[in-house]
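What follows is the content of my_file29.pdb (PDB, C-alpha atoms).
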```
ATOM      1  CA  MET G   1       8.158 -16.289  43.080
ATOM      2  CA  LYS G   2       9.650 -15.305  39.720
ATOM      3  CA  THR G   3       7.538 -15.891  36.623
ATOM      4  CA  THR G   4       8.887 -16.432  33.120
ATOM      5  CA  THR G   5       7.447 -15.257  29.847
ATOM      6  CA  VAL G   6       7.488 -17.697  26.965
ATOM      7  CA  PRO G   7       8.071 -15.783  23.718
ATOM      8  CA  PRO G   8       5.996 -16.669  20.661
ATOM      9  CA  SER G   9       7.332 -19.332  18.330
ATOM     10  CA  ARG G  10       8.510 -18.373  14.852
ATOM     11  CA  LYS G  11       5.421 -20.094  13.442
ATOM     12  CA  VAL G  12       3.169 -17.801  15.475
ATOM     13  CA  LEU G  13       4.984 -14.743  14.157
ATOM     14  CA  VAL G  14       4.886 -16.048  10.572
ATOM     15  CA  ASP G  15       1.128 -16.425  10.973
ATOM     16  CA  CYS G  16       0.990 -12.807  12.197
ATOM     17  CA  VAL G  17       2.922 -11.674   9.118
ATOM     18  CA  HIS G  18       0.493 -13.625   6.938
ATOM     19  CA  LEU G  19      -2.390 -11.652   8.433
ATOM     20  CA  ALA G  20      -0.448  -8.393   8.010
ATOM     21  CA  THR G  21      -0.232  -9.026   4.261
ATOM     22  CA  ARG G  22      -4.041  -8.720   4.121
ATOM     23  CA  ALA G  23      -3.687  -4.946   4.588
ATOM     24  CA  PRO G  24      -4.843  -2.605   1.791
ATOM     25  CA  SER G  25      -2.383  -0.858  -0.508
ATOM     26  CA  LEU G  26      -2.400   1.470  -3.493
ATOM     27  CA  HIS G  27      -3.329  -0.627  -6.578
ATOM     28  CA  ASN G  28      -2.770  -3.694  -4.372
ATOM     29  CA  SER G  29       0.964  -3.130  -4.784
ATOM     30  CA  GLN G  30       1.702  -4.684  -1.351
ATOM     31  CA  PRO G  31       4.839  -2.544  -0.892
ATOM     32  CA  TRP G  32       6.138  -4.183   2.278
ATOM     33  CA  ARG G  33       8.688  -6.676   3.540
ATOM     34  CA  PHE G  34       9.108  -8.258   6.983
ATOM     35  CA  ARG G  35      11.960  -9.702   9.010
ATOM     36  CA  ILE G  36      11.495 -11.868  12.113
ATOM     37  CA  GLU G  37      14.179 -11.495  14.787
ATOM     38  CA  GLY G  38      13.370 -13.385  17.991
ATOM     39  CA  PRO G  39      10.105 -11.994  19.388
ATOM     40  CA  ALA G  40      10.239  -8.982  17.044
ATOM     41  CA  VAL G  41       8.947  -8.397  13.530
ATOM     42  CA  GLU G  42      10.536  -5.598  11.524
ATOM     43  CA  VAL G  43       8.452  -3.947   8.806
ATOM     44  CA  TYR G  44      10.107  -2.429   5.740
ATOM     45  CA  ALA G  45       8.911  -0.304   2.840
ATOM     46  CA  ASP G  46       9.711  -2.178  -0.379
ATOM     47  CA  ARG G  47      11.104   0.433  -2.779
ATOM     48  CA  THR G  48      10.782  -1.942  -5.730
ATOM     49  CA  ARG G  49       7.000  -1.599  -5.359
ATOM     50  CA  HIS G  50       6.886   2.173  -5.048
ATOM     51  CA  LEU G  51       4.508   3.721  -7.613
ATOM     52  CA  GLU G  52       6.736   6.637  -8.572
ATOM     53  CA  VAL G  53       4.359   8.388 -10.991
ATOM     54  CA  ILE G  54       1.226   8.474  -8.885
ATOM     55  CA  ASP G  55       3.060   8.686  -5.541
ATOM     56  CA  PRO G  56       6.393  10.477  -6.077
ATOM     57  CA  ALA G  57       6.879  11.429  -2.410
ATOM     58  CA  GLY G  58       6.109   7.911  -1.158
ATOM     59  CA  ARG G  59       3.258   9.181   1.013
ATOM     60  CA  GLU G  60       0.739   6.567  -0.103
ATOM     61  CA  GLN G  61       3.342   3.830   0.136
ATOM     62  CA  LEU G  62       3.918   4.666   3.802
ATOM     63  CA  ILE G  63       0.156   4.764   4.364
ATOM     64  CA  SER G  64      -0.011   1.252   2.868
ATOM     65  CA  VAL G  65       2.855   0.054   5.058
ATOM     66  CA  GLY G  66       1.206   1.689   8.065
ATOM     67  CA  ALA G  67      -1.936  -0.333   7.377
ATOM     68  CA  ALA G  68       0.201  -3.492   7.439
ATOM     69  CA  VAL G  69       1.817  -2.352  10.706
ATOM     70  CA  PHE G  70      -1.565  -1.965  12.382
ATOM     71  CA  THR G  71      -2.682  -5.373  11.110
ATOM     72  CA  LEU G  72       0.529  -6.917  12.444
ATOM     73  CA  ARG G  73      -0.012  -5.276  15.840
ATOM     74  CA  LEU G  74      -3.541  -6.636  15.927
ATOM     75  CA  ALA G  75      -2.393 -10.123  14.904
ATOM     76  CA  VAL G  76       0.251 -10.173  17.652
ATOM     77  CA  GLN G  77      -2.344  -9.075  20.180
ATOM     78  CA  ARG G  78      -4.748 -11.745  19.015
ATOM     79  CA  ALA G  79      -1.976 -14.329  19.430
ATOM     80  CA  GLY G  80      -1.977 -13.427  23.128
ATOM     81  CA  TYR G  81       0.902 -10.949  23.410
ATOM     82  CA  HIS G  82       1.190  -7.245  24.057
ATOM     83  CA  ALA G  83       2.311  -5.584  20.818
ATOM     84  CA  GLU G  84       5.112  -3.084  21.512
ATOM     85  CA  LEU G  85       5.555  -0.695  18.586
ATOM     86  CA  THR G  86       8.604   1.383  17.713
ATOM     87  CA  THR G  87       8.445   3.481  14.554
ATOM     88  CA  PHE G  88      11.544   4.253  12.473
ATOM     89  CA  PRO G  89      13.793   2.419  14.953
ATOM     90  CA  ARG G  90      17.037   2.894  12.973
ATOM     91  CA  PRO G  91      17.536   6.356  11.431
ATOM     92  CA  ASP G  92      20.307   4.951   9.207
ATOM     93  CA  GLU G  93      17.771   2.522   7.643
ATOM     94  CA  PRO G  94      14.955   4.726   6.267
ATOM     95  CA  ASP G  95      13.136   1.747   4.740
ATOM     96  CA  LEU G  96      12.791   0.130   8.183
ATOM     97  CA  VAL G  97       9.615   1.896   9.255
ATOM     98  CA  ALA G  98       8.478  -0.103  12.284
ATOM     99  CA  ARG G  99       9.410  -2.793  14.767
ATOM    100  CA  VAL G 100       6.669  -4.751  16.534
ATOM    101  CA  VAL G 101       7.732  -6.846  19.527
ATOM    102  CA  ALA G 102       5.541  -9.549  21.017
ATOM    103  CA  GLY G 103       5.903  -8.628  24.687
ATOM    104  CA  ARG G 104       4.194  -9.883  27.797
ATOM    105  CA  PRO G 105       1.239 -12.272  27.478
ATOM    106  CA  THR G 106      -2.103 -10.501  27.529
ATOM    107  CA  ALA G 107      -5.743 -11.448  27.255
ATOM    108  CA  VAL G 108      -7.541 -10.586  24.025
ATOM    109  CA  GLY G 109     -10.451  -8.223  24.567
ATOM    110  CA  PRO G 110     -13.715  -8.523  22.621
ATOM    111  CA  ALA G 111     -13.051  -5.369  20.560
ATOM    112  CA  ALA G 112      -9.625  -6.580  19.429
ATOM    113  CA  GLU G 113     -11.058 -10.009  18.703
ATOM    114  CA  ALA G 114     -13.796  -8.486  16.532
ATOM    115  CA  LEU G 115     -11.294  -6.386  14.579
ATOM    116  CA  ALA G 116      -9.016  -9.386  14.087
ATOM    117  CA  GLU G 117     -11.953 -11.441  12.813
ATOM    118  CA  ALA G 118     -12.560  -8.724  10.214
ATOM    119  CA  ILE G 119      -9.021  -8.906   8.735
ATOM    120  CA  PRO G 120      -9.676 -11.633   6.131
ATOM    121  CA  HIS G 121     -13.044 -10.131   5.192
ATOM    122  CA  ARG G 122     -11.965  -6.527   4.561
ATOM    123  CA  HIS G 123     -11.725  -5.651   0.872
ATOM    124  CA  THR G 124     -12.098  -2.673  -1.426
ATOM    125  CA  ASN G 125     -15.525  -2.508  -3.046
ATOM    126  CA  ARG G 126     -15.644  -0.458  -6.266
ATOM    127  CA  ARG G 127     -19.282  -1.284  -6.983
ATOM    128  CA  PRO G 128     -22.500   0.665  -6.296
ATOM    129  CA  PHE G 129     -23.738   0.819  -2.713
ATOM    130  CA  ALA G 130     -27.325   0.688  -1.491
ATOM    131  CA  HIS G 131     -29.324   3.929  -1.296
ATOM    132  CA  THR G 132     -29.319   3.528   2.490
ATOM    133  CA  PRO G 133     -27.791   6.158   4.783
ATOM    134  CA  VAL G 134     -25.136   5.047   7.255
ATOM    135  CA  PRO G 135     -26.468   5.595  10.796
ATOM    136  CA  ALA G 136     -24.765   8.259  12.905
ATOM    137  CA  GLU G 137     -23.930   5.686  15.572
ATOM    138  CA  VAL G 138     -22.017   3.568  13.061
ATOM    139  CA  LEU G 139     -20.129   6.606  11.766
ATOM    140  CA  HIS G 140     -19.226   7.432  15.372
ATOM    141  CA  HIS G 141     -17.478   4.051  15.663
ATOM    142  CA  LEU G 142     -15.365   4.921  12.606
ATOM    143  CA  VAL G 143     -14.485   8.366  13.953
ATOM    144  CA  ASP G 144     -13.459   6.803  17.257
ATOM    145  CA  ALA G 145     -11.320   4.207  15.463
ATOM    146  CA  ALA G 146      -9.258   6.958  13.812
ATOM    147  CA  ARG G 147      -8.944   8.837  17.100
ATOM    148  CA  ARG G 148      -7.490   5.769  18.803
ATOM    149  CA  GLU G 149      -4.618   5.844  16.309
ATOM    150  CA  GLY G 150      -3.929   9.552  16.698
ATOM    151  CA  ALA G 151      -5.767  10.680  13.565
ATOM    152  CA  VAL G 152      -8.968  12.579  12.812
ATOM    153  CA  LEU G 153     -11.849  11.290  10.704
ATOM    154  CA  THR G 154     -14.604  13.670   9.597
ATOM    155  CA  VAL G 155     -17.866  13.077   7.768
ATOM    156  CA  ALA G 156     -18.508  15.427   4.861
ATOM    157  CA  GLY G 157     -21.818  17.253   4.834
ATOM    158  CA  PRO G 158     -23.824  17.704   1.599
ATOM    159  CA  ALA G 159     -21.890  20.774   0.419
ATOM    160  CA  GLY G 160     -18.545  19.333   1.437
ATOM    161  CA  ARG G 161     -19.362  16.036  -0.259
ATOM    162  CA  GLU G 162     -20.118  17.700  -3.582
ATOM    163  CA  ARG G 163     -16.946  19.772  -3.349
ATOM    164  CA  ILE G 164     -14.777  16.752  -2.578
ATOM    165  CA  LEU G 165     -16.271  14.666  -5.369
ATOM    166  CA  ALA G 166     -15.754  17.521  -7.830
ATOM    167  CA  MET G 167     -12.130  17.736  -6.668
ATOM    168  CA  ALA G 168     -11.762  13.991  -7.215
ATOM    169  CA  PHE G 169     -12.963  14.272 -10.807
ATOM    170  CA  GLU G 170     -10.589  17.176 -11.430
ATOM    171  CA  ALA G 171      -7.697  15.290  -9.838
ATOM    172  CA  GLY G 172      -8.471  12.287 -12.014
ATOM    173  CA  ARG G 173      -8.256  14.480 -15.102
ATOM    174  CA  ARG G 174      -4.891  15.861 -14.021
ATOM    175  CA  LEU G 175      -3.561  12.395 -13.258
ATOM    176  CA  ARG G 176      -4.462  11.205 -16.751
ATOM    177  CA  GLU G 177      -2.316  14.032 -18.138
ATOM    178  CA  ARG G 178       0.689  13.109 -15.989
ATOM    179  CA  PRO G 179       3.500  11.502 -18.044
ATOM    180  CA  GLY G 180       3.794   7.789 -17.333
ATOM    181  CA  TYR G 181       0.510   7.571 -15.442
ATOM    182  CA  ARG G 182      -1.214   5.267 -17.948
ATOM    183  CA  ALA G 183       1.760   2.933 -18.218
ATOM    184  CA  GLU G 184       2.103   2.664 -14.441
ATOM    185  CA  LEU G 185      -1.613   2.005 -14.031
ATOM    186  CA  ASP G 186      -1.496  -0.702 -16.686
ATOM    187  CA  ARG G 187       1.418  -2.422 -14.954
ATOM    188  CA  TRP G 188      -0.738  -2.972 -11.888
ATOM    189  CA  THR G 189      -3.927  -4.077 -13.635
ATOM    190  CA  GLY G 190      -4.554  -6.921 -16.022
ATOM    191  CA  TYR G 191      -5.790 -10.344 -16.874
ATOM    192  CA  SER G 192      -2.776 -12.547 -16.183
ATOM    193  CA  PRO G 193      -2.912 -14.439 -12.889
ATOM    194  CA  ARG G 194      -0.612 -12.724 -10.409
ATOM    195  CA  PRO G 195      -0.508 -12.399  -6.613
ATOM    196  CA  ASP G 196      -0.788  -8.609  -6.659
ATOM    197  CA  GLY G 197      -2.318  -5.728  -8.590
ATOM    198  CA  VAL G 198      -5.987  -5.135  -9.406
ATOM    199  CA  PRO G 199      -7.625  -8.099 -11.178
ATOM    200  CA  VAL G 200     -10.378  -7.688 -13.761
ATOM    201  CA  TRP G 201     -13.200  -8.711 -11.477
ATOM    202  CA  ALA G 202     -12.225  -6.122  -8.840
ATOM    203  CA  VAL G 203     -12.348  -3.078 -11.145
ATOM    204  CA  GLY G 204     -16.101  -2.498 -10.971
ATOM    205  CA  PRO G 205     -18.390  -0.550 -13.337
ATOM    206  CA  TRP G 206     -18.556   3.084 -14.372
ATOM    207  CA  ASP G 207     -21.072   5.262 -12.545
ATOM    208  CA  ALA G 208     -24.036   5.959 -14.836
ATOM    209  CA  LEU G 209     -24.932   8.985 -12.687
ATOM    210  CA  GLU G 210     -21.362  10.323 -12.753
ATOM    211  CA  ALA G 211     -21.661  11.057  -9.043
ATOM    212  CA  VAL G 212     -18.880   8.777  -7.785
ATOM    213  CA  PRO G 213     -15.354   9.077  -9.256
ATOM    214  CA  VAL G 214     -13.948   5.676 -10.223
ATOM    215  CA  ARG G 215     -10.402   4.972 -11.342
ATOM    216  CA  ASP G 216     -10.212   4.822 -15.161
ATOM    217  CA  PHE G 217      -8.302   1.597 -15.727
ATOM    218  CA  ARG G 218      -7.523   2.011 -19.427
ATOM    219  CA  GLU G 219      -7.061  -1.684 -20.125
ATOM    220  CA  PHE G 220     -10.767  -2.244 -19.560
ATOM    221  CA  SER G 221     -12.100   0.676 -21.593
ATOM    222  CA  ASP G 222     -11.973  -1.276 -24.871
ATOM    223  CA  LEU G 223     -14.164  -3.970 -23.350
ATOM    224  CA  LYS G 224     -17.060  -1.581 -22.807
ATOM    225  CA  ARG G 225     -16.760  -1.563 -19.049
ATOM    226  CA  PRO G 226     -20.231  -2.030 -17.530
ATOM    227  CA  VAL G 227     -22.193   1.043 -16.525
ATOM    228  CA  GLU G 228     -24.394   0.988 -13.427
ATOM    229  CA  PRO G 229     -26.043   3.688 -11.319
ATOM    230  CA  PHE G 230     -24.183   4.322  -8.079
ATOM    231  CA  GLU G 231     -25.773   5.824  -4.999
ATOM    232  CA  PRO G 232     -26.577   9.500  -5.731
ATOM    233  CA  TYR G 233     -25.478  10.767  -2.295
ATOM    234  CA  PRO G 234     -22.459   8.727  -1.181
ATOM    235  CA  THR G 235     -21.189   8.934   2.380
ATOM    236  CA  ILE G 236     -17.732  10.539   2.189
ATOM    237  CA  LEU G 237     -15.165  10.542   4.988
ATOM    238  CA  ILE G 238     -11.815  12.328   5.208
ATOM    239  CA  LEU G 239      -8.857  11.037   7.241
ATOM    240  CA  TRP G 240      -6.542  13.741   8.593
ATOM    241  CA  THR G 241      -3.336  13.955  10.616
ATOM    242  CA  ALA G 242      -1.909  16.850  12.619
ATOM    243  CA  GLY G 243       1.307  16.868  10.559
ATOM    244  CA  ASP G 244       2.415  15.830   7.112
ATOM    245  CA  GLU G 245       5.764  14.094   7.654
ATOM    246  CA  ARG G 246       6.726  10.425   7.162
ATOM    247  CA  SER G 247       5.688   9.623  10.730
ATOM    248  CA  ASP G 248       2.260  11.149  10.048
ATOM    249  CA  TRP G 249       1.853   9.084   6.873
ATOM    250  CA  LEU G 250       2.675   5.933   8.816
ATOM    251  CA  ARG G 251       0.199   6.954  11.530
ATOM    252  CA  ALA G 252      -2.437   7.635   8.879
ATOM    253  CA  GLY G 253      -2.014   4.108   7.515
ATOM    254  CA  GLN G 254      -2.537   2.569  10.928
ATOM    255  CA  ALA G 255      -5.608   4.728  11.509
ATOM    256  CA  LEU G 256      -6.919   3.899   8.047
ATOM    257  CA  GLN G 257      -6.731   0.168   8.660
ATOM    258  CA  ARG G 258      -8.419   0.451  12.060
ATOM    259  CA  VAL G 259     -11.197   2.446  10.389
ATOM    260  CA  LEU G 260     -11.543  -0.067   7.542
ATOM    261  CA  LEU G 261     -11.628  -3.057   9.892
ATOM    262  CA  THR G 262     -14.165  -1.283  12.099
ATOM    263  CA  ALA G 263     -16.270  -0.605   9.005
ATOM    264  CA  THR G 264     -16.051  -4.274   8.010
ATOM    265  CA  TRP G 265     -17.114  -5.254  11.533
ATOM    266  CA  GLN G 266     -20.094  -2.904  11.085
ATOM    267  CA  ASN G 267     -20.997  -4.633   7.770
ATOM    268  CA  LEU G 268     -19.994  -1.587   5.726
ATOM    269  CA  ALA G 269     -18.400  -1.652   2.292
ATOM    270  CA  THR G 270     -15.508   0.767   1.706
ATOM    271  CA  THR G 271     -13.771   2.419  -1.245
ATOM    272  CA  PRO G 272     -10.716   4.670  -0.966
ATOM    273  CA  ILE G 273     -11.012   7.714  -3.241
ATOM    274  CA  SER G 274      -7.373   8.713  -3.304
ATOM    275  CA  GLN G 275      -7.334  10.924  -6.422
ATOM    276  CA  PRO G 276      -7.851  14.232  -4.496
ATOM    277  CA  VAL G 277      -4.792  13.561  -2.324
ATOM    278  CA  GLU G 278      -2.607  12.344  -5.204
ATOM    279  CA  VAL G 279      -2.422  15.742  -6.930
ATOM    280  CA  PRO G 280      -0.637  18.339  -4.754
ATOM    281  CA  GLU G 281      -2.595  21.299  -6.142
ATOM    282  CA  VAL G 282      -5.907  19.607  -5.417
ATOM    283  CA  ARG G 283      -4.758  18.255  -2.066
ATOM    284  CA  GLY G 284      -3.764  21.768  -1.070
ATOM    285  CA  LEU G 285      -7.335  22.925  -1.637
ATOM    286  CA  LEU G 286      -8.568  20.130   0.607
ATOM    287  CA  THR G 287      -6.228  21.047   3.477
ATOM    288  CA  ASP G 288      -8.067  22.534   6.449
ATOM    289  CA  ALA G 289      -6.573  26.014   6.917
ATOM    290  CA  ALA G 290      -8.465  26.574  10.178
ATOM    291  CA  THR G 291      -7.073  23.512  11.975
ATOM    292  CA  GLY G 292      -3.883  22.894  10.018
ATOM    293  CA  LEU G 293      -4.864  19.263   9.584
ATOM    294  CA  ALA G 294      -3.394  17.495   6.560
ATOM    295  CA  PRO G 295      -5.729  15.286   4.469
ATOM    296  CA  GLN G 296      -4.346  11.780   3.966
ATOM    297  CA  MET G 297      -7.229   9.783   2.475
ATOM    298  CA  VAL G 298     -10.810  10.143   1.280
ATOM    299  CA  LEU G 299     -13.150   7.205   1.840
ATOM    300  CA  ARG G 300     -16.573   6.242   0.515
ATOM    301  CA  VAL G 301     -18.580   3.977   2.813
ATOM    302  CA  GLY G 302     -21.966   2.357   2.558
ATOM    303  CA  TYR G 303     -23.813  -0.921   2.309
ATOM    304  CA  GLY G 304     -22.910  -3.107  -0.638
ATOM    305  CA  LYS G 305     -22.648  -6.679  -1.810
ATOM    306  CA  ILE G 306     -19.443  -8.600  -1.165
ATOM    307  CA  ALA G 307     -17.059  -7.879  -4.018
ATOM    308  CA  GLY G 308     -14.310 -10.408  -3.289
ATOM    309  CA  ARG G 309     -10.770 -10.109  -1.972
ATOM    310  CA  SER G 310      -7.782  -9.238  -4.137
ATOM    311  CA  PRO G 311      -4.890 -11.745  -4.314
ATOM    312  CA  ARG G 312      -1.889 -11.578  -2.006
ATOM    313  CA  ARG G 313       1.761 -12.477  -2.347
ATOM    314  CA  PRO G 314       2.827 -15.618  -0.449
ATOM    315  CA  VAL G 315       4.461 -15.036   2.925
ATOM    316  CA  ALA G 316       7.731 -16.580   1.696
ATOM    317  CA  GLU G 317       7.989 -13.760  -0.849
ATOM    318  CA  VAL G 318       7.697 -10.962   1.704
ATOM    319  CA  LEU G 319       9.894 -12.433   4.469
ATOM    320  CA  LEU G 320      13.500 -11.267   4.580
ATOM    321  CA  PRO G 321      16.235 -13.536   5.950
ATOM    322  CA  GLY G 322      17.444 -12.936   9.503
ATOM    323  CA  ARG G 323      20.287 -10.523  10.144
ATOM    324  CA  ALA G 324      23.772 -12.029  10.051
ATOM    325  CA  LEU G 325      25.364 -12.195  13.478
TER
END
```
In structure tokens, what does this structure look like?
Amino acid sequence: MKTTTVPPSRKVLVDCVHLATRAPSLHNSQPWRFRIEGPAVEVYADRTRHLEVIDPAGREQLISVGAAVFTLRLAVQRAGYHAELTTFPRPDEPDLVARVVAGRPTAVGPAAEALAEAIPHRHTNRRPFAHTPVPAEVLHHLVDAARREGAVLTVAGPAGRERILAMAFEAGRRLRERPGYRAELDRWTGYSPRPDGVPVWAVGPWDALEAVPVRDFREFSDLKRPVEPFEPYPTILILWTAGDERSDWLRAGQALQRVLLTATWQNLATTPISQPVEVPEVRGLLTDAATGLAPQMVLRVGYGKIAGRSPRRPVAEVLLPGRAL
């Protein structure tokens, strides 16, 4: 007896795209677009949202898009379909970075269900964390999450932590000297209501202990940004990939989002510390010469109060029209 597979409706796929827009991105720039074609969703890098000063090579943009790709895969799986992923499906369209097809029906496992439940709750927390160490078992879950997406996640020891944080402060200084950096940062932060960027309430305080590097949003400096003591010994993680090409950046984004959702599921707060990987000279010092692994992101994790979720663009704004036949 032949069985037939009923493909998902367009509404189901639109709902999956809506969840995909909850992915993290540099300065909440949300640099992605989507196109629904039958049972497939194409994911594009939106060049109009590329932060050219801080991310000239587009590495962090592809990491952001990769995070959206993983979230889309997870949403399709939660909808009851096997998510079939093809990366860079058309070499003549470099902005088309992934194609996710809702394939055969499949049952949703408890792990996937838990990660999907975490999607709307994941958010960047730029505030102090509790002076409570993260248990080794919980960190193991994060390491395993990265491994499942073909990446490597390591936990910095005390000496490595201090070195990385010092590199972050140095990278921050160099970024402030980069022409156009302040203007670009200001474009993505502010007080006016908008569906993207970093709103005032999400900026967080300065660290009174000067142990944790925080992004220096200039627009808030005149308002005497609050100062609070952060945790003196933050838990620092590094996400690595075996290579450093566009495909590796996309893979890093998918691994990053799986790690962040796993952390949310484990009741952890998370903060990307991207300054060390935004300055090539500093990033080169971070590269592991022994293994050849390329650093893609630095993360701070711990236990903190809910900080709130940044706004998102409406789905209608990120959906492209179907291809003309």
### Message
Give me the residues near stretch 12-15 of chain G as a PyMOL selection string, where near means some atom within 12 Å (using all atoms listed in the file) and where sequence neighbours in that chain fewer than 3 positions away do not count.
### Response
chain G and resi 7-9+18-22+34-42+71-81+83+100-102+314-316+318-320
Prev. selection, C-alpha atoms, output as a tab-separated table (two decimals), in the frame of the given file:
```tsv
chain	number	residue	atom	x	y	z
G	7	PRO	CA	8.07	-15.78	23.72
G	8	PRO	CA	6.00	-16.67	20.66
G	9	SER	CA	7.33	-19.33	18.33
G	18	HIS	CA	0.49	-13.62	6.94
G	19	LEU	CA	-2.39	-11.65	8.43
G	20	ALA	CA	-0.45	-8.39	8.01
G	21	THR	CA	-0.23	-9.03	4.26
G	22	ARG	CA	-4.04	-8.72	4.12
G	34	PHE	CA	9.11	-8.26	6.98
G	35	ARG	CA	11.96	-9.70	9.01
G	36	ILE	CA	11.50	-11.87	12.11
G	37	GLU	CA	14.18	-11.50	14.79
G	38	GLY	CA	13.37	-13.38	17.99
G	39	PRO	CA	10.10	-11.99	19.39
G	40	ALA	CA	10.24	-8.98	17.04
G	41	VAL	CA	8.95	-8.40	13.53
G	42	GLU	CA	10.54	-5.60	11.52
G	71	THR	CA	-2.68	-5.37	11.11
G	72	LEU	CA	0.53	-6.92	12.44
G	73	ARG	CA	-0.01	-5.28	15.84
G	74	LEU	CA	-3.54	-6.64	15.93
G	75	ALA	CA	-2.39	-10.12	14.90
G	76	VAL	CA	0.25	-10.17	17.65
G	77	GLN	CA	-2.34	-9.07	20.18
G	78	ARG	CA	-4.75	-11.74	19.02
G	79	ALA	CA	-1.98	-14.33	19.43
G	80	GLY	CA	-1.98	-13.43	23.13
G	81	TYR	CA	0.90	-10.95	23.41
G	83	ALA	CA	2.31	-5.58	20.82
G	100	VAL	CA	6.67	-4.75	16.53
G	101	VAL	CA	7.73	-6.85	19.53
G	102	ALA	CA	5.54	-9.55	21.02
G	314	PRO	CA	2.83	-15.62	-0.45
G	315	VAL	CA	4.46	-15.04	2.92
G	316	ALA	CA	7.73	-16.58	1.70
G	318	VAL	CA	7.70	-10.96	1.70
G	319	LEU	CA	9.89	-12.43	4.47
G	320	LEU	CA	13.50	-11.27	4.58
```
### Query
Written as JSON, numbers by chain, which residues does the PyMOL selection byres ((chain G and resi 249-263) around 8) give for the file shown?
{"G": [23, 24, 59, 60, 62, 63, 64, 65, 66, 67, 68, 69, 70, 71, 115, 118, 119, 122, 141, 142, 143, 145, 146, 147, 148, 149, 150, 151, 239, 240, 241, 244, 245, 246, 247, 248, 264, 265, 266, 267, 268, 269, 270, 296]}
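For the pair atom CA of G:Pro128 and atom CA of G:Pro295, the interatomic distance is 24.7 Å.
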### Task
Point out the residue among G:Ala289, G:Val43, G:Leu51, G:Val108 with the least atom-to-atom distance to G:Asp95, counting all atoms listed in the file.
G:Val43
### Computed interatomic separation between atom CA of G:Asp288 and atom CA of G:Ala57 (Å)
20.6 Å
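Here atom CA of G:Glu184 stands at a distance of 17.7 Å from atom CA of G:Val277.
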#### Entry: Contacts of G:Val53 within 7 Å, all atoms listed in the file, excl. fewer than 2 positions in-chain, as JSON, numbers by chain
{"G": [51, 55, 56, 180, 181]}
### Task
Determine the residue set returned by the PyMOL selection byres ((chain G and resi 190-202) around 9) for the present structure, and present it as a VMD selection string.
chain G and resid 26 to 30 124 to 127 186 to 189 203 to 204 219 to 220 307 to 314
### Query
G:Thr87, G:Thr271, G:Thr154, G:Thr132: which is nearest G:Ser25, counting only C-alpha atoms?
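Going through G:Thr87, G:Thr271, G:Thr154, G:Thr132 one by one, the smallest distance to G:Ser25 is for G:Thr271.
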### Query
What residues come out when you apply the PyMOL selection byres ((chain G and resi 165) around 10) to this file, written as a list in words?
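Checked against the file, the PyMOL selection byres ((chain G and resi 165) around 10) matches Gly160, Arg161, Glu162, Arg163, Ile164, Ala166, Met167, Ala168, Phe169, Glu170, Ala171, Glu210, Ala211, Val212, Pro213, Pro234, Ile236, Ile273, Gln275, Pro276 and Val298 of chain G.
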### Task
Pick out the closest residue to G:Ala107 from this set: G:His123, G:His82, G:Ala130, G:Thr291. Count all atoms listed in the file.
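Nearest candidate to G:Ala107 out of G:His123, G:His82, G:Ala130, G:Thr291: G:His82.
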